[in-house]
Amino acid sequence: MARDPRQSLLEEFLDQITHQRRLSAGTARNYRHAVERLFALNPGLSLEKVDAQHLRRSVSQLHAGGMSGRTIATMISGWRGFYRWLVKHRSYPHNPCTGLRAPKSPKGLPKALSPDLMARLLEGPASTPLEWRDKAMFELFYSSGLRLAELTSLEISDVDGILRQAEVTVTGKGAKTRVIPVGSKARAAVETWLALRTSLAKPGEPALFVGARGSRIAPSSVRYALSQWALRLGLPQHVHPHMLRHSFATHVLQSSGDLRAVQEMLGHSSIATTQVYTHLDFQHLAKAYDAAHPRARRKKLVVERKP
């Protein structure tokens with residue numbers, strides 16, 4: 001069976017972005033998935049003949065299949081990048097993805113754990129070095145509202161700031177550095193983990209948190225460890241690292257009402273991004289109001305049916 005010429009072009013494109021532009025393997029995988037999905041939606045159609053109508057039909061098929069607008073937008077971004085490369089390096093006349101948009105999806109509010117569930121999660125017992133590592137990671141997530149990449153990039157050299165100054169310095173999105181307070185329980189958990197870390201870490205390993213093989217822990221390992229920790233403690237929902245960041249932001253905002261401070265600690269460049277947590281706070285207040293106020297709940301209308 002002859003090789004699809006479209007696939008050959010895709011391999012050249014992926015090789016170029018991986019080795020010359022030095023994009024990550026994860027980004028290359030996302031491009032591959034998006035472009036191969038476009039191939040599957042337009043079987044046998046040469047890349048030169050793909051036009052805006054073909055692309056709109058492809059988007060409609062993805063949407064009809066249940067794909068969210070956000071995921072479709074990621075797909076379109078992959079198609080656009082591939083065609084941009086074809087125009088520049090293979091003399092294609094134009095980029096048919098120009099102006100193509102994904103259908104809008106309703107914006108979902110970030111999911112946060114209640115203070116009681118958060119306490120239940122963090123007060124889970126730890127005895128082995130790996131369990132203390134997990135406890136220290138989860139305490140830091142919630143104490144300082146870290147992103148997953150920020151936590152896994154922490155170094156042993158950061159420990160002095162955590163334990164002595166009760167603060168952690170991280171570099172987040174856009175290479176922006178920020179300093180965030182660290183609570184006493186997180187500091188205690190980090191100190192305990194530090195005493196046990198040598199039993200796992202390879203000699204000379206600079207990462208604060210290491211995996212079972214002794215090198216820097218992978219983000220996927222953190223996700224798995226947290227989901228298993230929550231499962232073991234019987235929490236009624238799936239828990240992922242970003243949920244701890246959401247919980248941090250929600251609980252600090254509920255207690256302080258200081259949106260600017262939460263924005264700074266989260267590292268959001270725009271206050272509009274942080275304002276989503278005001279909606280979560282309002283939901284919490286609205287539920288309390290409905291439960292407590294005698295005139296809060298609307299009475300059900302009884303419609304009398306005529307015989």
# chains A, B, ... in the order shown; residues from 1 in each chain; ligands from 1
$ select_by_dssp --residues "region 84-148 of chain A" --states "alpha helix (DSSP H)" --output "tab-separated table (two decimals) with N, CA and C atoms, in the first residue's frame"
chain	number	residue	atom	x	y	z
A	84	ARG	N	0.62	26.97	7.75
A	84	ARG	CA	1.57	28.08	7.75
A	84	ARG	C	2.94	27.59	7.29
A	85	TRP	N	3.31	26.39	7.75
A	85	TRP	CA	4.58	25.79	7.35
A	85	TRP	C	4.56	25.44	5.86
A	86	LEU	N	3.42	24.91	5.38
A	86	LEU	CA	3.31	24.55	3.96
A	86	LEU	C	3.43	25.78	3.06
A	87	VAL	N	2.83	26.88	3.49
A	87	VAL	CA	2.92	28.12	2.71
A	87	VAL	C	4.36	28.61	2.66
A	88	LYS	N	5.06	28.54	3.78
A	88	LYS	CA	6.42	29.08	3.87
A	88	LYS	C	7.45	28.17	3.23
A	89	HIS	N	7.31	26.86	3.44
A	89	HIS	CA	8.37	25.94	3.01
A	89	HIS	C	8.01	25.08	1.80
A	115	PRO	N	-13.51	23.59	52.13
A	115	PRO	CA	-12.49	23.58	53.18
A	115	PRO	C	-12.45	22.27	53.96
A	116	ASP	N	-13.63	21.66	54.21
A	116	ASP	CA	-13.66	20.39	54.95
A	116	ASP	C	-13.00	19.27	54.16
A	117	LEU	N	-13.30	19.17	52.86
A	117	LEU	CA	-12.68	18.13	52.04
A	117	LEU	C	-11.19	18.39	51.87
A	118	MET	N	-10.83	19.67	51.79
A	118	MET	CA	-9.41	20.00	51.67
A	118	MET	C	-8.65	19.56	52.92
A	119	ALA	N	-9.24	19.81	54.08
A	119	ALA	CA	-8.61	19.39	55.33
A	119	ALA	C	-8.51	17.87	55.41
A	120	ARG	N	-9.55	17.21	54.96
A	120	ARG	CA	-9.55	15.74	54.96
A	120	ARG	C	-8.44	15.19	54.07
A	121	LEU	N	-8.24	15.84	52.92
A	121	LEU	CA	-7.20	15.41	52.00
A	121	LEU	C	-5.81	15.58	52.61
A	122	LEU	N	-5.57	16.75	53.21
A	122	LEU	CA	-4.22	17.07	53.68
A	122	LEU	C	-3.90	16.42	55.03
A	129	PRO	N	8.60	7.25	52.92
A	129	PRO	CA	9.17	8.43	52.25
A	129	PRO	C	8.31	8.94	51.09
A	130	LEU	N	7.76	8.02	50.28
A	130	LEU	CA	6.92	8.45	49.16
A	130	LEU	C	5.66	9.14	49.64
A	131	GLU	N	5.06	8.64	50.71
A	131	GLU	CA	3.85	9.27	51.25
A	131	GLU	C	4.15	10.66	51.80
A	132	TRP	N	5.33	10.82	52.45
A	132	TRP	CA	5.69	12.13	52.95
A	132	TRP	C	6.03	13.09	51.81
A	133	ARG	N	6.60	12.55	50.75
A	133	ARG	CA	6.82	13.39	49.56
A	133	ARG	C	5.49	13.90	49.03
A	134	ASP	N	4.52	12.99	48.91
A	134	ASP	CA	3.21	13.37	48.41
A	134	ASP	C	2.54	14.41	49.33
A	135	LYS	N	2.62	14.17	50.61
A	135	LYS	CA	2.00	15.10	51.56
A	135	LYS	C	2.63	16.49	51.44
A	136	ALA	N	3.96	16.54	51.31
A	136	ALA	CA	4.65	17.83	51.18
A	136	ALA	C	4.24	18.53	49.88
A	137	MET	N	4.12	17.78	48.78
A	137	MET	CA	3.70	18.36	47.50
A	137	MET	C	2.30	18.93	47.60
A	138	PHE	N	1.38	18.18	48.19
A	138	PHE	CA	-0.01	18.62	48.24
A	138	PHE	C	-0.18	19.81	49.18
A	139	GLU	N	0.57	19.81	50.27
A	139	GLU	CA	0.53	20.95	51.19
A	139	GLU	C	1.03	22.21	50.48
A	140	LEU	N	2.10	22.09	49.70
A	140	LEU	CA	2.63	23.25	48.98
A	140	LEU	C	1.65	23.74	47.91
A	141	PHE	N	1.03	22.82	47.20
A	141	PHE	CA	0.01	23.19	46.22
A	141	PHE	C	-1.03	24.10	46.86
A	142	TYR	N	-1.58	23.63	47.97
A	142	TYR	CA	-2.69	24.34	48.60
A	142	TYR	C	-2.22	25.56	49.36
A	143	SER	N	-1.06	25.49	49.98
A	143	SER	CA	-0.55	26.60	50.77
A	143	SER	C	-0.23	27.82	49.91
A	144	SER	N	0.29	27.58	48.69
A	144	SER	CA	0.82	28.68	47.89
A	144	SER	C	0.17	28.82	46.52
A	148	LEU	N	1.25	23.10	38.54
A	148	LEU	CA	1.95	21.82	38.54
A	148	LEU	C	3.40	21.98	38.07
$ residues_around --residues "His33 (chain A)" --least-positions-apart "3" --cutoff "12 Å" --atoms "only C-alpha atoms" --output "mmCIF file with all heavy atoms, in the first residue's frame"
data_model
loop_
_atom_site.group_PDB
_atom_site.id
_atom_site.type_symbol
_atom_site.label_atom_id
_atom_site.label_comp_id
_atom_site.auth_asym_id
_atom_site.auth_seq_id
_atom_site.Cartn_x
_atom_site.Cartn_y
_atom_site.Cartn_z
ATOM 1 N N GLN A 7 0.985 12.356 4.755
ATOM 2 C CA GLN A 7 1.681 11.916 5.962
ATOM 3 C C GLN A 7 3.166 12.250 5.886
ATOM 4 O O GLN A 7 3.787 12.621 6.885
ATOM 5 C CB GLN A 7 1.475 10.408 6.160
ATOM 6 C CG GLN A 7 1.909 9.894 7.517
ATOM 7 C CD GLN A 7 1.014 10.373 8.641
ATOM 8 O OE1 GLN A 7 -0.195 10.471 8.477
ATOM 9 N NE2 GLN A 7 1.599 10.671 9.800
ATOM 10 N N LEU A 10 3.589 15.789 6.773
ATOM 11 C CA LEU A 10 3.407 15.967 8.217
ATOM 12 C C LEU A 10 4.668 15.572 8.975
ATOM 13 O O LEU A 10 5.086 16.279 9.906
ATOM 14 C CB LEU A 10 2.212 15.131 8.698
ATOM 15 C CG LEU A 10 1.985 15.105 10.215
ATOM 16 C CD1 LEU A 10 1.788 16.507 10.777
ATOM 17 C CD2 LEU A 10 0.790 14.211 10.564
ATOM 18 N N LEU A 14 6.791 17.945 11.486
ATOM 19 C CA LEU A 14 7.053 17.589 12.880
ATOM 20 C C LEU A 14 8.547 17.545 13.170
ATOM 21 O O LEU A 14 8.997 17.962 14.245
ATOM 22 C CB LEU A 14 6.408 16.240 13.206
ATOM 23 C CG LEU A 14 4.868 16.198 13.165
ATOM 24 C CD1 LEU A 14 4.376 14.770 13.364
ATOM 25 C CD2 LEU A 14 4.272 17.116 14.221
ATOM 26 N N GLY A 26 5.578 17.059 23.669
ATOM 27 C CA GLY A 26 4.133 17.144 23.891
ATOM 28 C C GLY A 26 3.455 18.019 22.853
ATOM 29 O O GLY A 26 2.377 17.685 22.347
ATOM 30 N N THR A 27 4.090 19.148 22.501
ATOM 31 C CA THR A 27 3.538 20.039 21.472
ATOM 32 C C THR A 27 3.518 19.337 20.121
ATOM 33 O O THR A 27 2.543 19.437 19.369
ATOM 34 C CB THR A 27 4.371 21.325 21.387
ATOM 35 O OG1 THR A 27 4.344 21.987 22.652
ATOM 36 C CG2 THR A 27 3.833 22.257 20.318
ATOM 37 N N ALA A 28 4.589 18.605 19.825
ATOM 38 C CA ALA A 28 4.642 17.864 18.555
ATOM 39 C C ALA A 28 3.537 16.809 18.494
ATOM 40 O O ALA A 28 2.907 16.610 17.451
ATOM 41 C CB ALA A 28 6.009 17.218 18.393
ATOM 42 N N ARG A 29 3.282 16.148 19.632
ATOM 43 C CA ARG A 29 2.202 15.145 19.669
ATOM 44 C C ARG A 29 0.853 15.799 19.407
ATOM 45 O O ARG A 29 -0.005 15.237 18.707
ATOM 46 C CB ARG A 29 2.194 14.432 21.021
ATOM 47 C CG ARG A 29 3.221 13.328 21.166
ATOM 48 C CD ARG A 29 2.909 12.428 22.341
ATOM 49 N NE ARG A 29 2.871 13.161 23.601
ATOM 50 C CZ ARG A 29 3.929 13.380 24.374
ATOM 51 N NH1 ARG A 29 5.128 12.930 23.991
ATOM 52 N NH2 ARG A 29 3.819 14.041 25.504
ATOM 53 N N ASN A 30 0.648 16.985 19.974
ATOM 54 C CA ASN A 30 -0.618 17.686 19.764
ATOM 55 C C ASN A 30 -0.801 18.059 18.297
ATOM 56 O O ASN A 30 -1.902 17.933 17.738
ATOM 57 C CB ASN A 30 -0.674 18.947 20.633
ATOM 58 C CG ASN A 30 -0.782 18.624 22.117
ATOM 59 O OD1 ASN A 30 -1.202 17.529 22.489
ATOM 60 N ND2 ASN A 30 -0.413 19.566 22.960
ATOM 61 N N GLU A 36 -3.522 14.705 11.823
ATOM 62 C CA GLU A 36 -3.989 13.381 11.412
ATOM 63 C C GLU A 36 -5.510 13.275 11.528
ATOM 64 O O GLU A 36 -6.141 12.553 10.755
ATOM 65 C CB GLU A 36 -3.298 12.299 12.244
ATOM 66 C CG GLU A 36 -1.822 12.117 11.849
ATOM 67 C CD GLU A 36 -1.129 11.002 12.603
ATOM 68 O OE1 GLU A 36 -1.666 10.571 13.658
ATOM 69 O OE2 GLU A 36 -0.049 10.565 12.156
ATOM 70 N N ARG A 37 -6.092 14.007 12.482
ATOM 71 C CA ARG A 37 -7.557 14.033 12.568
ATOM 72 C C ARG A 37 -8.143 14.731 11.338
ATOM 73 O O ARG A 37 -9.179 14.325 10.813
ATOM 74 C CB ARG A 37 -7.971 14.764 13.844
ATOM 75 C CG ARG A 37 -9.448 14.573 14.212
ATOM 76 C CD ARG A 37 -9.713 13.131 14.628
ATOM 77 N NE ARG A 37 -11.107 12.897 14.898
ATOM 78 C CZ ARG A 37 -11.667 13.052 16.108
ATOM 79 N NH1 ARG A 37 -10.936 13.430 17.134
ATOM 80 N NH2 ARG A 37 -12.951 12.799 16.281
ATOM 81 N N LEU A 38 -7.457 15.783 10.866
ATOM 82 C CA LEU A 38 -7.900 16.463 9.648
ATOM 83 C C LEU A 38 -7.825 15.522 8.453
ATOM 84 O O LEU A 38 -8.739 15.496 7.614
ATOM 85 C CB LEU A 38 -7.033 17.702 9.397
ATOM 86 C CG LEU A 38 -7.364 18.519 8.152
ATOM 87 C CD1 LEU A 38 -8.756 19.122 8.247
ATOM 88 C CD2 LEU A 38 -6.318 19.622 7.944
ATOM 89 N N PHE A 39 -6.758 14.737 8.367
ATOM 90 C CA PHE A 39 -6.641 13.755 7.288
ATOM 91 C C PHE A 39 -7.815 12.775 7.325
ATOM 92 O O PHE A 39 -8.410 12.452 6.298
ATOM 93 C CB PHE A 39 -5.335 12.959 7.423
ATOM 94 C CG PHE A 39 -4.078 13.764 7.217
ATOM 95 C CD1 PHE A 39 -2.841 13.208 7.527
ATOM 96 C CD2 PHE A 39 -4.108 15.054 6.725
ATOM 97 C CE1 PHE A 39 -1.667 13.925 7.346
ATOM 98 C CE2 PHE A 39 -2.942 15.791 6.534
ATOM 99 C CZ PHE A 39 -1.717 15.214 6.848
ATOM 100 N N ALA A 40 -8.132 12.290 8.526
ATOM 101 C CA ALA A 40 -9.197 11.287 8.671
ATOM 102 C C ALA A 40 -10.567 11.862 8.304
ATOM 103 O O ALA A 40 -11.418 11.142 7.761
ATOM 104 C CB ALA A 40 -9.225 10.768 10.110
ATOM 105 N N THR A 71 -11.427 22.285 22.723
ATOM 106 C CA THR A 71 -10.606 21.256 22.083
ATOM 107 C C THR A 71 -10.542 21.468 20.579
ATOM 108 O O THR A 71 -9.486 21.289 19.956
ATOM 109 C CB THR A 71 -11.155 19.854 22.404
ATOM 110 O OG1 THR A 71 -11.252 19.698 23.814
ATOM 111 C CG2 THR A 71 -10.256 18.772 21.843
ATOM 112 N N ILE A 72 -11.676 21.867 19.986
ATOM 113 C CA ILE A 72 -11.692 22.143 18.548
ATOM 114 C C ILE A 72 -10.769 23.322 18.229
ATOM 115 O O ILE A 72 -10.066 23.316 17.210
ATOM 116 C CB ILE A 72 -13.134 22.417 18.068
ATOM 117 C CG1 ILE A 72 -13.977 21.133 18.172
ATOM 118 C CG2 ILE A 72 -13.133 22.920 16.621
ATOM 119 C CD1 ILE A 72 -15.442 21.330 17.874
ATOM 120 N N THR A 74 -8.071 24.044 19.739
ATOM 121 C CA THR A 74 -6.711 23.498 19.753
ATOM 122 C C THR A 74 -6.420 22.770 18.442
ATOM 123 O O THR A 74 -5.318 22.869 17.882
ATOM 124 C CB THR A 74 -6.538 22.543 20.943
ATOM 125 O OG1 THR A 74 -6.826 23.247 22.156
ATOM 126 C CG2 THR A 74 -5.121 21.985 21.007
ATOM 127 N N MET A 75 -7.422 22.032 17.946
ATOM 128 C CA MET A 75 -7.277 21.339 16.661
ATOM 129 C C MET A 75 -6.997 22.349 15.539
ATOM 130 O O MET A 75 -6.072 22.177 14.738
ATOM 131 C CB MET A 75 -8.568 20.571 16.334
ATOM 132 C CG MET A 75 -8.770 19.326 17.146
ATOM 133 S SD MET A 75 -7.922 17.930 16.401
ATOM 134 C CE MET A 75 -8.298 16.661 17.597
ATOM 135 N N ILE A 76 -7.810 23.406 15.492
ATOM 136 C CA ILE A 76 -7.668 24.414 14.446
ATOM 137 C C ILE A 76 -6.291 25.067 14.518
ATOM 138 O O ILE A 76 -5.658 25.347 13.497
ATOM 139 C CB ILE A 76 -8.786 25.470 14.559
ATOM 140 C CG1 ILE A 76 -10.141 24.831 14.219
ATOM 141 C CG2 ILE A 76 -8.507 26.659 13.648
ATOM 142 C CD1 ILE A 76 -11.325 25.742 14.463
ATOM 143 N N SER A 77 -5.808 25.299 15.721
ATOM 144 C CA SER A 77 -4.480 25.876 15.897
ATOM 145 C C SER A 77 -3.413 24.972 15.275
ATOM 146 O O SER A 77 -2.467 25.446 14.635
ATOM 147 C CB SER A 77 -4.192 26.091 17.384
ATOM 148 O OG SER A 77 -2.898 26.584 17.588
ATOM 149 N N GLY A 78 -3.571 23.658 15.452
ATOM 150 C CA GLY A 78 -2.651 22.700 14.844
ATOM 151 C C GLY A 78 -2.723 22.725 13.327
ATOM 152 O O GLY A 78 -1.689 22.707 12.638
ATOM 153 N N TRP A 79 -3.940 22.781 12.789
ATOM 154 C CA TRP A 79 -4.098 22.849 11.328
ATOM 155 C C TRP A 79 -3.469 24.129 10.783
ATOM 156 O O TRP A 79 -2.776 24.111 9.771
ATOM 157 C CB TRP A 79 -5.588 22.837 10.944
ATOM 158 C CG TRP A 79 -6.341 21.645 11.426
ATOM 159 C CD1 TRP A 79 -5.830 20.488 11.946
ATOM 160 C CD2 TRP A 79 -7.769 21.506 11.459
ATOM 161 N NE1 TRP A 79 -6.846 19.629 12.297
ATOM 162 C CE2 TRP A 79 -8.043 20.218 12.007
ATOM 163 C CE3 TRP A 79 -8.834 22.319 11.102
ATOM 164 C CZ2 TRP A 79 -9.345 19.745 12.185
ATOM 165 C CZ3 TRP A 79 -10.145 21.862 11.274
ATOM 166 C CH2 TRP A 79 -10.391 20.583 11.809
ATOM 167 N N PHE A 82 0.301 23.947 10.678
ATOM 168 C CA PHE A 82 0.772 23.060 9.614
ATOM 169 C C PHE A 82 0.695 23.766 8.264
ATOM 170 O O PHE A 82 1.656 23.751 7.468
ATOM 171 C CB PHE A 82 -0.070 21.786 9.611
ATOM 172 C CG PHE A 82 0.312 20.770 8.566
ATOM 173 C CD1 PHE A 82 1.638 20.415 8.369
ATOM 174 C CD2 PHE A 82 -0.675 20.157 7.787
ATOM 175 C CE1 PHE A 82 1.988 19.459 7.406
ATOM 176 C CE2 PHE A 82 -0.329 19.213 6.839
ATOM 177 C CZ PHE A 82 0.993 18.858 6.641
#
$ closest_residue --among "A:Ser255, A:Thr171, A:Gln165, A:Ser199" --to "Ala149 (chain A)" --atoms "only C-alpha atoms"
A:Thr171
$ closest_residue --among "A:Glu264, A:Glu48, A:Asp15, A:Glu123" --to "Ser91 (chain A)" --atoms "only C-alpha atoms"
A:Glu48
$ atom_distance --atom1 "CA of Ala73 (chain A)" --atom2 "CA of Ala218 (chain A)"
27.0 Å
$ residues_around --residues "Ser153 (chain A)" --least-positions-apart "6" --cutoff "10 Å" --atoms "only C-alpha atoms" --output "VMD selection string"
chain A and resid 170 to 171 206 to 209 216 to 219
$ write_last_selection --atoms "N, CA, C and O atoms" --output "short mmCIF file (atom, residue, chain, number, x, y, z; two decimals), in the first residue's frame"
data_model
loop_
_atom_site.label_atom_id
_atom_site.label_comp_id
_atom_site.auth_asym_id
_atom_site.auth_seq_id
_atom_site.Cartn_x
_atom_site.Cartn_y
_atom_site.Cartn_z
N VAL A 170 8.86 31.26 42.52
CA VAL A 170 8.63 30.41 41.35
C VAL A 170 8.59 31.27 40.10
O VAL A 170 8.28 32.47 40.16
N THR A 171 8.88 30.65 38.97
CA THR A 171 8.77 31.32 37.68
C THR A 171 7.63 30.67 36.92
O THR A 171 7.67 29.48 36.62
N PRO A 206 19.25 17.75 41.72
CA PRO A 206 18.90 19.07 42.25
C PRO A 206 17.42 19.27 42.57
O PRO A 206 17.07 20.23 43.27
N ALA A 207 16.55 18.39 42.06
CA ALA A 207 15.11 18.59 42.25
C ALA A 207 14.70 18.37 43.70
O ALA A 207 15.19 17.45 44.36
N LEU A 208 13.79 19.20 44.19
CA LEU A 208 13.28 19.03 45.54
C LEU A 208 12.43 17.76 45.63
O LEU A 208 12.59 16.96 46.57
N PHE A 209 11.57 17.55 44.64
CA PHE A 209 10.70 16.37 44.65
C PHE A 209 11.15 15.39 43.58
O PHE A 209 11.29 15.76 42.40
N ARG A 216 14.03 13.89 39.07
CA ARG A 216 12.93 14.84 39.19
C ARG A 216 11.59 14.19 38.86
O ARG A 216 11.45 13.50 37.85
N ILE A 217 10.62 14.42 39.71
CA ILE A 217 9.31 13.78 39.52
C ILE A 217 8.62 14.36 38.28
O ILE A 217 8.71 15.56 38.00
N ALA A 218 7.96 13.51 37.51
CA ALA A 218 7.25 13.93 36.31
C ALA A 218 5.86 14.45 36.67
O ALA A 218 5.25 13.97 37.64
N PRO A 219 5.33 15.41 35.93
CA PRO A 219 3.98 15.92 36.20
C PRO A 219 2.92 14.81 36.23
O PRO A 219 2.02 14.84 37.06
#
$ closest_residue --among "A:Val182, A:Val35, A:Leu23, A:Leu154" --to "Glu167 (chain A)" --atoms "only C-alpha atoms"
A:Val182
$ closest_residue --among "A:Leu266, A:Leu113, A:Val168, A:Ile156" --to "Arg197 (chain A)" --atoms "only C-alpha atoms"
A:Ile156
$ atom_distance --atom1 "CA of Leu55 (chain A)" --atom2 "CA of Cys97 (chain A)"
7.3 Å
$ atom_distance --atom1 "CA of Arg80 (chain A)" --atom2 "CA of Asn95 (chain A)"
7.1 Å
$ closest_residue --among "A:Gly172, A:Pro236, A:Gly211, A:Gly124" --to "Tyr224 (chain A)" --atoms "only C-alpha atoms"
A:Gly211
$ select_by_dssp --residues "region 103-221 of chain A" --states "strand (DSSP E or B)" --output "list in words"
Glu155, Glu167, Val168, Thr169, Val170, Thr171, Thr177, Arg178, Val179, Ile180, Pro181, Ala207, Val210 and Arg216 of chain A
$ decode --residues "region 172-180 of chain A" --atoms "all heavy atoms" --output "PDB file, in the first residue's frame"
ATOM      1  N   GLY A 172       6.593  31.454  36.645  1.00  0.00           N
ATOM      2  CA  GLY A 172       5.387  30.909  36.026  1.00  0.00           C
ATOM      3  C   GLY A 172       5.281  31.227  34.555  1.00  0.00           C
ATOM      4  O   GLY A 172       6.293  31.394  33.861  1.00  0.00           O
ATOM      5  N   LYS A 173       4.051  31.356  34.071  1.00  0.00           N
ATOM      6  CA  LYS A 173       3.805  31.611  32.656  1.00  0.00           C
ATOM      7  C   LYS A 173       4.377  32.972  32.265  1.00  0.00           C
ATOM      8  O   LYS A 173       4.364  33.918  33.039  1.00  0.00           O
ATOM      9  CB  LYS A 173       2.303  31.580  32.377  1.00  0.00           C
ATOM     10  CG  LYS A 173       1.687  30.192  32.507  1.00  0.00           C
ATOM     11  CD  LYS A 173       0.222  30.209  32.139  1.00  0.00           C
ATOM     12  CE  LYS A 173      -0.379  28.807  32.201  1.00  0.00           C
ATOM     13  NZ  LYS A 173      -1.819  28.817  31.858  1.00  0.00           N
ATOM     14  N   GLY A 174       4.887  33.027  31.038  1.00  0.00           N
ATOM     15  CA  GLY A 174       5.483  34.262  30.565  1.00  0.00           C
ATOM     16  C   GLY A 174       6.792  34.596  31.239  1.00  0.00           C
ATOM     17  O   GLY A 174       7.235  35.746  31.223  1.00  0.00           O
ATOM     18  N   ALA A 175       7.429  33.570  31.855  1.00  0.00           N
ATOM     19  CA  ALA A 175       8.722  33.750  32.546  1.00  0.00           C
ATOM     20  C   ALA A 175       8.635  34.804  33.647  1.00  0.00           C
ATOM     21  O   ALA A 175       9.610  35.484  33.945  1.00  0.00           O
ATOM     22  CB  ALA A 175       9.816  34.095  31.550  1.00  0.00           C
ATOM     23  N   LYS A 176       7.440  34.935  34.256  1.00  0.00           N
ATOM     24  CA  LYS A 176       7.251  35.905  35.329  1.00  0.00           C
ATOM     25  C   LYS A 176       7.538  35.242  36.673  1.00  0.00           C
ATOM     26  O   LYS A 176       6.995  34.185  36.978  1.00  0.00           O
ATOM     27  CB  LYS A 176       5.828  36.453  35.309  1.00  0.00           C
ATOM     28  CG  LYS A 176       5.533  37.319  34.087  1.00  0.00           C
ATOM     29  CD  LYS A 176       4.116  37.852  34.127  1.00  0.00           C
ATOM     30  CE  LYS A 176       3.830  38.721  32.908  1.00  0.00           C
ATOM     31  NZ  LYS A 176       2.430  39.211  32.915  1.00  0.00           N
ATOM     32  N   THR A 177       8.388  35.882  37.448  1.00  0.00           N
ATOM     33  CA  THR A 177       8.763  35.359  38.765  1.00  0.00           C
ATOM     34  C   THR A 177       7.903  36.014  39.837  1.00  0.00           C
ATOM     35  O   THR A 177       7.650  37.223  39.782  1.00  0.00           O
ATOM     36  CB  THR A 177      10.254  35.636  39.043  1.00  0.00           C
ATOM     37  OG1 THR A 177      11.031  34.980  38.036  1.00  0.00           O
ATOM     38  CG2 THR A 177      10.655  35.107  40.414  1.00  0.00           C
ATOM     39  N   ARG A 178       7.450  35.221  40.799  1.00  0.00           N
ATOM     40  CA  ARG A 178       6.688  35.775  41.905  1.00  0.00           C
ATOM     41  C   ARG A 178       7.087  35.075  43.200  1.00  0.00           C
ATOM     42  O   ARG A 178       7.580  33.946  43.174  1.00  0.00           O
ATOM     43  CB  ARG A 178       5.184  35.654  41.671  1.00  0.00           C
ATOM     44  CG  ARG A 178       4.628  34.256  41.660  1.00  0.00           C
ATOM     45  CD  ARG A 178       3.171  34.250  41.205  1.00  0.00           C
ATOM     46  NE  ARG A 178       2.495  32.986  41.461  1.00  0.00           N
ATOM     47  CZ  ARG A 178       2.615  31.906  40.724  1.00  0.00           C
ATOM     48  NH1 ARG A 178       3.396  31.917  39.663  1.00  0.00           N
ATOM     49  NH2 ARG A 178       1.951  30.790  41.032  1.00  0.00           N
ATOM     50  N   VAL A 179       6.880  35.742  44.305  1.00  0.00           N
ATOM     51  CA  VAL A 179       7.189  35.216  45.628  1.00  0.00           C
ATOM     52  C   VAL A 179       5.878  35.032  46.375  1.00  0.00           C
ATOM     53  O   VAL A 179       5.062  35.958  46.459  1.00  0.00           O
ATOM     54  CB  VAL A 179       8.120  36.173  46.403  1.00  0.00           C
ATOM     55  CG1 VAL A 179       8.432  35.601  47.780  1.00  0.00           C
ATOM     56  CG2 VAL A 179       9.400  36.424  45.621  1.00  0.00           C
ATOM     57  N   ILE A 180       5.663  33.820  46.919  1.00  0.00           N
ATOM     58  CA  ILE A 180       4.390  33.482  47.557  1.00  0.00           C
ATOM     59  C   ILE A 180       4.648  32.984  48.978  1.00  0.00           C
ATOM     60  O   ILE A 180       5.604  32.224  49.205  1.00  0.00           O
ATOM     61  CB  ILE A 180       3.661  32.362  46.771  1.00  0.00           C
ATOM     62  CG1 ILE A 180       3.827  32.559  45.261  1.00  0.00           C
ATOM     63  CG2 ILE A 180       2.192  32.309  47.147  1.00  0.00           C
ATOM     64  CD1 ILE A 180       3.597  31.331  44.464  1.00  0.00           C
TER      65      ILE A 180
END
